[in-house]
Amino acid sequence: NYVKNLLSEPKVSAVCSMIEAINEPDILMKHNQTPQSVKIYTNTSEQNEERGRIYASILKTTNQAVQEINTEKNEDYKLGGFSLCMIWTHNDPIKSLYLRFAEGALDELDGEQAFDALTLHPYGGPTDDPEIGEDGRENPNYSSSILYKIRRMRGLFTGETFINPTTGEESVANDSVSGQRYNYEIPGIWHTEFGYSSAKYKTGDSQSMCTGDDFKQAELLLRGINIIKSDNLSDKVWIYDLIDDGMRENEEQFNYGIINSKNHTTPYSAKYAYLAMSNFNKMIDGATYSKEEYSNNYCFVSKYDCGVRDVHLMWTSNPDGADLTYDFGEDCYYYDIFGNKLDETDVKADGKYSLTMTPFYVVCGEDIKRQTSDF
């Protein structure tokens with residue numbers, strides 16, 4: 001009744017067509033019995049599996065309500081399911097327990113397609129390179145990379161094999177609870193939260209999501225979203241968050257925005273992340289196909305087929321930089337992450353591209369058209 005009443009509201013249907021059933025249910029906490037009622041995590045496989053089964057029952061009921069509203073009110077609401085945050089970090093003994101949440105839910109659903117889209121929150125920390133993960137240089141499974149986590153979780157739902165980004169080997173994700181392989185239809189994932197905080201590090205403190213400055217936030221956000229979109233162009237991404245919550249530069253949650261807060265000296269002004277993502281949308285406008293075209297020795301090239309042009313991003317995850325010989329086969333135009341045009345000498349020397357951890361664009365074919373002004 002709650003779902004049907006909410007979705008029947010004209011003000012909701014006027015602006016909303018996509019909904020989620022509970023945010024991050026895999027990291028739900030419970031109150032302990034202390035007078036302060038401090039929230040604590042419970043981390044056993046059995047508890048997480050049972051939570052998953054409970055969530056599956058909620059998801060089925062929600063889906064039933066959505067379908068009834070779509071029929072009765074001639075609406076077209078789409079339901080996103082799971083909204084998972086802890087998505088397969090098997091080298092972390094705590095986080096890997098949360099995989100049992102998804103497995104328990106899938107076992108309870110038993111093949112019922114009670115959702116239109118799989119929703120994930122594929123966060124990574126500032127020391128987790130989006131491509132190689134936290135331990136990618138020493139451990140060849142890239143288990144904490146954004147790409148590996150997404151592919152592994154998608155494979156659990158669809159039954160498709162997923163490719164290890166390092167070795168190129170194919171793997172299969174069976175449900176460890178039931179041993180089943182599922183075949184859910186997942187045309188595109190909704191990444192309903194993804195972002196980085198630009199908060200500075202506190203002395204002696206380890207806030208895992210703080211990049212330390214606005215530019216690093218923009219760099220990692222662009223690389224992360226590019227990894228998502230080049231793996232599957234139909235995936236949708238919601239950036240967390242739009243606007244900073246306040247002015248405390250050491251407060252992690254205050255600084256996820258890509259726009260400055262209302263208390264900033266220039267209220268609601270664009271941060272570097274906003275400029276980078278706005279430009280990314282413009283650069284790949286009209287893209288019908290995408291792929292990771294090159295990945296070797298910590299150097300990466302992504303490609304977007306935009307019809308009259310191919311748009312590439314080039315970068316390295318090596319903090320020391322890298323030189324790469326790469327032939328695009330035609331004349332190219334170059335742009336930085338904000339859309340400023342670059343000369344070839346800015347990105348190339350002695351016939352090799354000079355890569356850093358900050359990507360740049362290579363446009364082949366018709367150049368990008370930009371609006372110009374006389375002032």
# chains A, B, ... in the order shown; residues from 1 in each chain; ligands from 1
>>> residues_around(residues="segment 345-358 of chain A", least_positions_apart="5", cutoff="6 Å", atoms="only C-alpha atoms", output="list in words")
Glu219, Trp315, Thr316, Ser317, Gly321, Ala322, Asp323, Leu324 and Thr325 of chain A
>>> residues_around(residues="segment 113-125 of chain A", least_positions_apart="3", cutoff="6 Å", atoms="only C-alpha atoms", output="ChimeraX atom specification")
/A:60,63,78-85,128,189-191,193-194,208-209
>>> write_last_selection(atoms="N, CA and C atoms", output="mmCIF file, in the first residue's frame")
data_model
loop_
_atom_site.group_PDB
_atom_site.id
_atom_site.type_symbol
_atom_site.label_atom_id
_atom_site.label_comp_id
_atom_site.auth_asym_id
_atom_site.auth_seq_id
_atom_site.Cartn_x
_atom_site.Cartn_y
_atom_site.Cartn_z
ATOM 1 N N LYS A 60 9.919 -8.554 -4.004
ATOM 2 C CA LYS A 60 8.795 -9.151 -4.726
ATOM 3 C C LYS A 60 7.498 -8.390 -4.463
ATOM 4 N N ASN A 63 7.714 -5.063 -6.309
ATOM 5 C CA ASN A 63 7.520 -5.254 -7.748
ATOM 6 C C ASN A 63 6.043 -5.467 -8.086
ATOM 7 N N LYS A 78 9.966 1.878 -13.611
ATOM 8 C CA LYS A 78 10.944 0.798 -13.631
ATOM 9 C C LYS A 78 11.515 0.642 -12.228
ATOM 10 N N LEU A 79 11.680 -0.611 -11.817
ATOM 11 C CA LEU A 79 12.143 -0.897 -10.459
ATOM 12 C C LEU A 79 13.577 -1.393 -10.471
ATOM 13 N N GLY A 80 14.419 -0.669 -9.734
ATOM 14 C CA GLY A 80 15.783 -1.102 -9.537
ATOM 15 C C GLY A 80 15.894 -1.935 -8.274
ATOM 16 N N GLY A 81 16.588 -3.060 -8.374
ATOM 17 C CA GLY A 81 16.691 -3.954 -7.245
ATOM 18 C C GLY A 81 18.109 -4.112 -6.740
ATOM 19 N N PHE A 82 18.241 -4.263 -5.442
ATOM 20 C CA PHE A 82 19.445 -4.630 -4.698
ATOM 21 C C PHE A 82 20.228 -3.431 -4.182
ATOM 22 N N SER A 83 20.572 -2.433 -5.019
ATOM 23 C CA SER A 83 21.279 -1.228 -4.541
ATOM 24 C C SER A 83 22.486 -1.604 -3.690
ATOM 25 N N LEU A 84 23.281 -2.514 -4.180
ATOM 26 C CA LEU A 84 24.369 -3.102 -3.397
ATOM 27 C C LEU A 84 25.575 -2.177 -3.305
ATOM 28 N N CYS A 85 26.153 -2.102 -2.125
ATOM 29 C CA CYS A 85 27.354 -1.300 -1.903
ATOM 30 C C CYS A 85 28.592 -2.182 -1.763
ATOM 31 N N ASP A 128 42.471 3.212 -4.360
ATOM 32 C CA ASP A 128 42.066 2.113 -5.238
ATOM 33 C C ASP A 128 41.980 2.645 -6.659
ATOM 34 N N ILE A 189 23.173 -1.852 -16.133
ATOM 35 C CA ILE A 189 23.134 -1.678 -14.683
ATOM 36 C C ILE A 189 22.890 -0.212 -14.365
ATOM 37 N N TRP A 190 22.093 0.034 -13.331
ATOM 38 C CA TRP A 190 21.975 1.383 -12.785
ATOM 39 C C TRP A 190 22.987 1.527 -11.649
ATOM 40 N N HIS A 191 23.975 2.364 -11.846
ATOM 41 C CA HIS A 191 24.939 2.666 -10.778
ATOM 42 C C HIS A 191 24.398 3.914 -10.080
ATOM 43 N N GLU A 193 24.699 5.214 -7.195
ATOM 44 C CA GLU A 193 25.620 6.067 -6.438
ATOM 45 C C GLU A 193 27.029 5.750 -6.904
ATOM 46 N N PHE A 194 27.761 6.801 -7.252
ATOM 47 C CA PHE A 194 29.191 6.642 -7.525
ATOM 48 C C PHE A 194 29.836 8.004 -7.368
ATOM 49 N N SER A 208 38.473 6.691 4.226
ATOM 50 C CA SER A 208 38.778 5.905 3.038
ATOM 51 C C SER A 208 38.307 6.534 1.742
ATOM 52 N N MET A 209 37.367 7.484 1.794
ATOM 53 C CA MET A 209 36.821 8.036 0.565
ATOM 54 C C MET A 209 37.308 9.448 0.271
#
>>> select_by_dssp(residues="segment 115-288 of chain A", states="strand (DSSP E)", output="list in words")
Ala117, Leu118, Thr119, Leu120, Phe162, Ile163, Glu170, Ser171, Trp190, His191, Thr192, Glu193, Phe194, Lys236, Val237, Trp238 and Ile239 of chain A
>>> write_last_selection(atoms="N, CA and C atoms", output="compact mmCIF listing (two decimals), in the first residue's frame")
# COMPACT_ATOMS: atom_id res chain seq x y z
N ALA A 117 15.98 -3.65 -13.20
CA ALA A 117 17.40 -3.35 -13.35
C ALA A 117 18.14 -3.70 -12.08
N LEU A 118 19.36 -4.17 -12.24
CA LEU A 118 20.27 -4.36 -11.11
C LEU A 118 20.90 -3.02 -10.79
N THR A 119 20.87 -2.62 -9.51
CA THR A 119 21.47 -1.36 -9.12
C THR A 119 22.64 -1.61 -8.19
N LEU A 120 23.74 -0.91 -8.45
CA LEU A 120 24.98 -1.08 -7.69
C LEU A 120 25.53 0.29 -7.29
N PHE A 162 32.65 -13.89 -16.85
CA PHE A 162 33.22 -12.55 -16.78
C PHE A 162 34.72 -12.67 -16.90
N ILE A 163 35.32 -11.66 -17.49
CA ILE A 163 36.74 -11.70 -17.81
C ILE A 163 37.54 -11.00 -16.73
N GLU A 170 38.50 -16.26 -18.39
CA GLU A 170 37.08 -16.24 -18.10
C GLU A 170 36.79 -16.99 -16.81
N SER A 171 35.85 -16.45 -16.04
CA SER A 171 35.44 -17.08 -14.80
C SER A 171 33.92 -17.15 -14.76
N TRP A 190 22.09 0.03 -13.33
CA TRP A 190 21.98 1.38 -12.79
C TRP A 190 22.99 1.53 -11.65
N HIS A 191 23.98 2.36 -11.85
CA HIS A 191 24.94 2.67 -10.78
C HIS A 191 24.40 3.91 -10.08
N THR A 192 23.52 3.69 -9.10
CA THR A 192 22.73 4.78 -8.54
C THR A 192 23.50 5.62 -7.52
N GLU A 193 24.70 5.21 -7.20
CA GLU A 193 25.62 6.07 -6.44
C GLU A 193 27.03 5.75 -6.90
N PHE A 194 27.76 6.80 -7.25
CA PHE A 194 29.19 6.64 -7.53
C PHE A 194 29.84 8.00 -7.37
N LYS A 236 23.81 3.13 -16.60
CA LYS A 236 23.49 4.49 -16.18
C LYS A 236 24.23 4.79 -14.88
N VAL A 237 24.65 6.04 -14.73
CA VAL A 237 25.43 6.43 -13.55
C VAL A 237 24.84 7.69 -12.93
N TRP A 238 24.60 7.64 -11.61
CA TRP A 238 24.18 8.80 -10.83
C TRP A 238 25.36 9.19 -9.94
N ILE A 239 25.84 10.42 -10.10
CA ILE A 239 26.99 10.87 -9.32
C ILE A 239 26.54 11.24 -7.91
>>> closest_residue(among="A:Asn260, A:Gln67, A:Asn232, A:Ser8", to="Ala287 of chain A", atoms="only C-alpha atoms")
A:Asn232
>>> atom_distance(atom1="atom CA of Glu344 of chain A", atom2="atom CA of Cys299 of chain A")
18.6 Å
>>> residues_around(residues="Ile69 of chain A", least_positions_apart="6", cutoff="9 Å", atoms="only C-alpha atoms", output="list of chain:residue names")
A:Lys4, A:Leu7, A:Ser8, A:Glu75, A:Asp76, A:Tyr77
>>> write_last_selection(atoms="C-alpha atoms", output="compact mmCIF listing (two decimals), in the first residue's frame")
# COMPACT_ATOMS: atom_id res chain seq x y z
CA LYS A 4 1.14 2.17 -4.48
CA LEU A 7 3.58 6.15 -6.91
CA SER A 8 -0.03 7.28 -7.35
CA GLU A 75 2.44 4.45 -15.88
CA ASP A 76 5.81 3.02 -16.84
CA TYR A 77 7.76 2.87 -13.59
>>> residues_around(residues="segment 361-365 of chain A", least_positions_apart="6", cutoff="10 Å", atoms="only C-alpha atoms", output="ChimeraX atom specification")
/A:280,283,301-315,328-342,344,347
>>> closest_residue(among="A:Ala14, A:Leu220, A:Met153, A:Ala65", to="Tyr98 of chain A", atoms="only C-alpha atoms")
A:Met153
>>> select_by_dssp(residues="segment 167-244 of chain A", states="helix (DSSP H, G or I)", output="NGL selection string")
:A and (214-231)
>>> write_last_selection(atoms="all heavy atoms", output="short mmCIF file (atom, residue, chain, number, x, y, z; two decimals), in the first residue's frame")
data_model
loop_
_atom_site.label_atom_id
_atom_site.label_comp_id
_atom_site.auth_asym_id
_atom_site.auth_seq_id
_atom_site.Cartn_x
_atom_site.Cartn_y
_atom_site.Cartn_z
N ASP A 214 40.17 18.95 -4.87
CA ASP A 214 39.14 18.96 -5.90
C ASP A 214 39.61 18.34 -7.21
O ASP A 214 38.83 17.68 -7.91
CB ASP A 214 38.68 20.41 -6.17
CG ASP A 214 37.81 20.96 -5.06
OD1 ASP A 214 37.61 20.25 -4.05
OD2 ASP A 214 37.34 22.11 -5.18
N PHE A 215 40.87 18.56 -7.58
CA PHE A 215 41.34 18.05 -8.86
C PHE A 215 41.43 16.52 -8.85
O PHE A 215 41.05 15.85 -9.82
CB PHE A 215 42.71 18.64 -9.22
CG PHE A 215 43.13 18.29 -10.63
CD1 PHE A 215 42.70 19.05 -11.70
CD2 PHE A 215 43.95 17.19 -10.88
CE1 PHE A 215 43.07 18.73 -13.00
CE2 PHE A 215 44.32 16.86 -12.17
CZ PHE A 215 43.88 17.63 -13.23
N LYS A 216 41.92 15.96 -7.76
CA LYS A 216 42.01 14.50 -7.66
C LYS A 216 40.61 13.89 -7.70
O LYS A 216 40.41 12.81 -8.28
CB LYS A 216 42.72 14.10 -6.37
CG LYS A 216 43.07 12.60 -6.30
CD LYS A 216 44.13 12.23 -7.34
CE LYS A 216 44.57 10.78 -7.20
NZ LYS A 216 45.56 10.42 -8.23
N GLN A 217 39.64 14.55 -7.08
CA GLN A 217 38.26 14.08 -7.15
C GLN A 217 37.80 14.01 -8.60
O GLN A 217 37.19 13.01 -9.03
CB GLN A 217 37.34 15.03 -6.36
CG GLN A 217 35.87 14.65 -6.42
CD GLN A 217 34.95 15.77 -5.98
OE1 GLN A 217 35.24 16.96 -6.18
NE2 GLN A 217 33.83 15.42 -5.36
N ALA A 218 38.08 15.05 -9.38
CA ALA A 218 37.67 15.08 -10.79
C ALA A 218 38.36 13.98 -11.59
O ALA A 218 37.73 13.30 -12.42
CB ALA A 218 37.99 16.45 -11.39
N GLU A 219 39.65 13.80 -11.34
CA GLU A 219 40.41 12.79 -12.07
C GLU A 219 39.88 11.39 -11.83
O GLU A 219 39.65 10.61 -12.78
CB GLU A 219 41.88 12.88 -11.64
CG GLU A 219 42.79 11.82 -12.23
CD GLU A 219 44.17 11.87 -11.59
OE1 GLU A 219 44.96 12.78 -11.96
OE2 GLU A 219 44.45 11.03 -10.70
N LEU A 220 39.66 11.03 -10.56
CA LEU A 220 39.19 9.68 -10.24
C LEU A 220 37.75 9.47 -10.69
O LEU A 220 37.38 8.37 -11.13
CB LEU A 220 39.32 9.42 -8.74
CG LEU A 220 40.74 9.21 -8.23
CD1 LEU A 220 40.75 9.15 -6.70
CD2 LEU A 220 41.34 7.93 -8.80
N LEU A 221 36.92 10.52 -10.58
CA LEU A 221 35.53 10.40 -11.01
C LEU A 221 35.46 10.14 -12.51
O LEU A 221 34.70 9.27 -12.97
CB LEU A 221 34.76 11.66 -10.64
CG LEU A 221 33.25 11.64 -10.88
CD1 LEU A 221 32.58 10.58 -10.01
CD2 LEU A 221 32.65 13.01 -10.60
N LEU A 222 36.24 10.86 -13.29
CA LEU A 222 36.26 10.65 -14.73
C LEU A 222 36.76 9.26 -15.08
O LEU A 222 36.15 8.55 -15.91
CB LEU A 222 37.15 11.71 -15.40
CG LEU A 222 37.40 11.52 -16.89
CD1 LEU A 222 36.09 11.56 -17.68
CD2 LEU A 222 38.36 12.58 -17.42
N ARG A 223 37.84 8.83 -14.46
CA ARG A 223 38.37 7.49 -14.76
C ARG A 223 37.40 6.40 -14.36
O ARG A 223 37.21 5.42 -15.08
CB ARG A 223 39.72 7.31 -14.06
CG ARG A 223 40.85 8.06 -14.73
CD ARG A 223 42.11 8.11 -13.87
NE ARG A 223 42.56 6.81 -13.45
CZ ARG A 223 43.54 6.62 -12.57
NH1 ARG A 223 44.15 7.66 -12.02
NH2 ARG A 223 43.91 5.41 -12.23
N GLY A 224 36.74 6.57 -13.21
CA GLY A 224 35.79 5.56 -12.76
C GLY A 224 34.58 5.46 -13.66
O GLY A 224 34.17 4.36 -14.05
N ILE A 225 33.98 6.60 -14.01
CA ILE A 225 32.79 6.57 -14.86
C ILE A 225 33.16 6.11 -16.27
O ILE A 225 32.39 5.40 -16.92
CB ILE A 225 32.10 7.94 -14.86
CG1 ILE A 225 31.47 8.19 -13.49
CG2 ILE A 225 31.05 8.04 -15.97
CD1 ILE A 225 30.70 9.48 -13.36
N ASN A 226 34.33 6.47 -16.74
CA ASN A 226 34.77 5.97 -18.04
C ASN A 226 34.90 4.45 -18.03
O ASN A 226 34.52 3.78 -19.00
CB ASN A 226 36.10 6.60 -18.43
CG ASN A 226 36.71 5.94 -19.65
OD1 ASN A 226 36.19 6.03 -20.76
ND2 ASN A 226 37.80 5.22 -19.44
N ILE A 227 35.43 3.89 -16.93
CA ILE A 227 35.54 2.43 -16.83
C ILE A 227 34.16 1.79 -16.92
O ILE A 227 33.95 0.77 -17.60
CB ILE A 227 36.25 2.05 -15.52
CG1 ILE A 227 37.75 2.30 -15.62
CG2 ILE A 227 35.99 0.59 -15.15
CD1 ILE A 227 38.47 1.42 -16.62
N ILE A 228 33.18 2.39 -16.25
CA ILE A 228 31.82 1.86 -16.27
C ILE A 228 31.23 1.94 -17.67
O ILE A 228 30.68 0.97 -18.19
CB ILE A 228 30.94 2.63 -15.26
CG1 ILE A 228 31.40 2.35 -13.82
CG2 ILE A 228 29.47 2.25 -15.43
CD1 ILE A 228 30.74 3.24 -12.78
N LYS A 229 31.34 3.11 -18.30
CA LYS A 229 30.69 3.34 -19.59
C LYS A 229 31.41 2.63 -20.74
O LYS A 229 30.76 2.21 -21.71
CB LYS A 229 30.60 4.83 -19.88
CG LYS A 229 29.76 5.62 -18.89
CD LYS A 229 28.30 5.21 -18.92
CE LYS A 229 27.57 5.73 -20.12
NZ LYS A 229 26.12 5.45 -20.07
N SER A 230 32.71 2.49 -20.65
CA SER A 230 33.42 1.80 -21.73
C SER A 230 33.21 0.30 -21.64
O SER A 230 33.34 -0.41 -22.64
CB SER A 230 34.92 2.13 -21.71
OG SER A 230 35.52 1.75 -20.48
N ASP A 231 32.87 -0.21 -20.45
CA ASP A 231 32.56 -1.63 -20.32
C ASP A 231 31.15 -1.93 -20.83
O ASP A 231 30.90 -2.99 -21.40
CB ASP A 231 32.69 -2.06 -18.86
CG ASP A 231 32.53 -3.56 -18.68
OD1 ASP A 231 33.21 -4.33 -19.39
OD2 ASP A 231 31.71 -3.97 -17.84
#
>>> closest_residue(among="A:Ala102, A:Ala270, A:Glu292, A:Val66", to="Met18 of chain A", atoms="only C-alpha atoms")
A:Val66
>>> atom_distance(atom1="atom CA of Gln253 of chain A", atom2="atom CA of Gly52 of chain A")
27.3 Å
>>> closest_residue(among="A:Ile368, A:Ile258, A:Val172, A:Ile54", to="Leu242 of chain A", atoms="only C-alpha atoms")
A:Ile258
>>> atom_distance(atom1="atom CA of Asp241 of chain A", atom2="atom CA of Gly195 of chain A")
6.9 Å
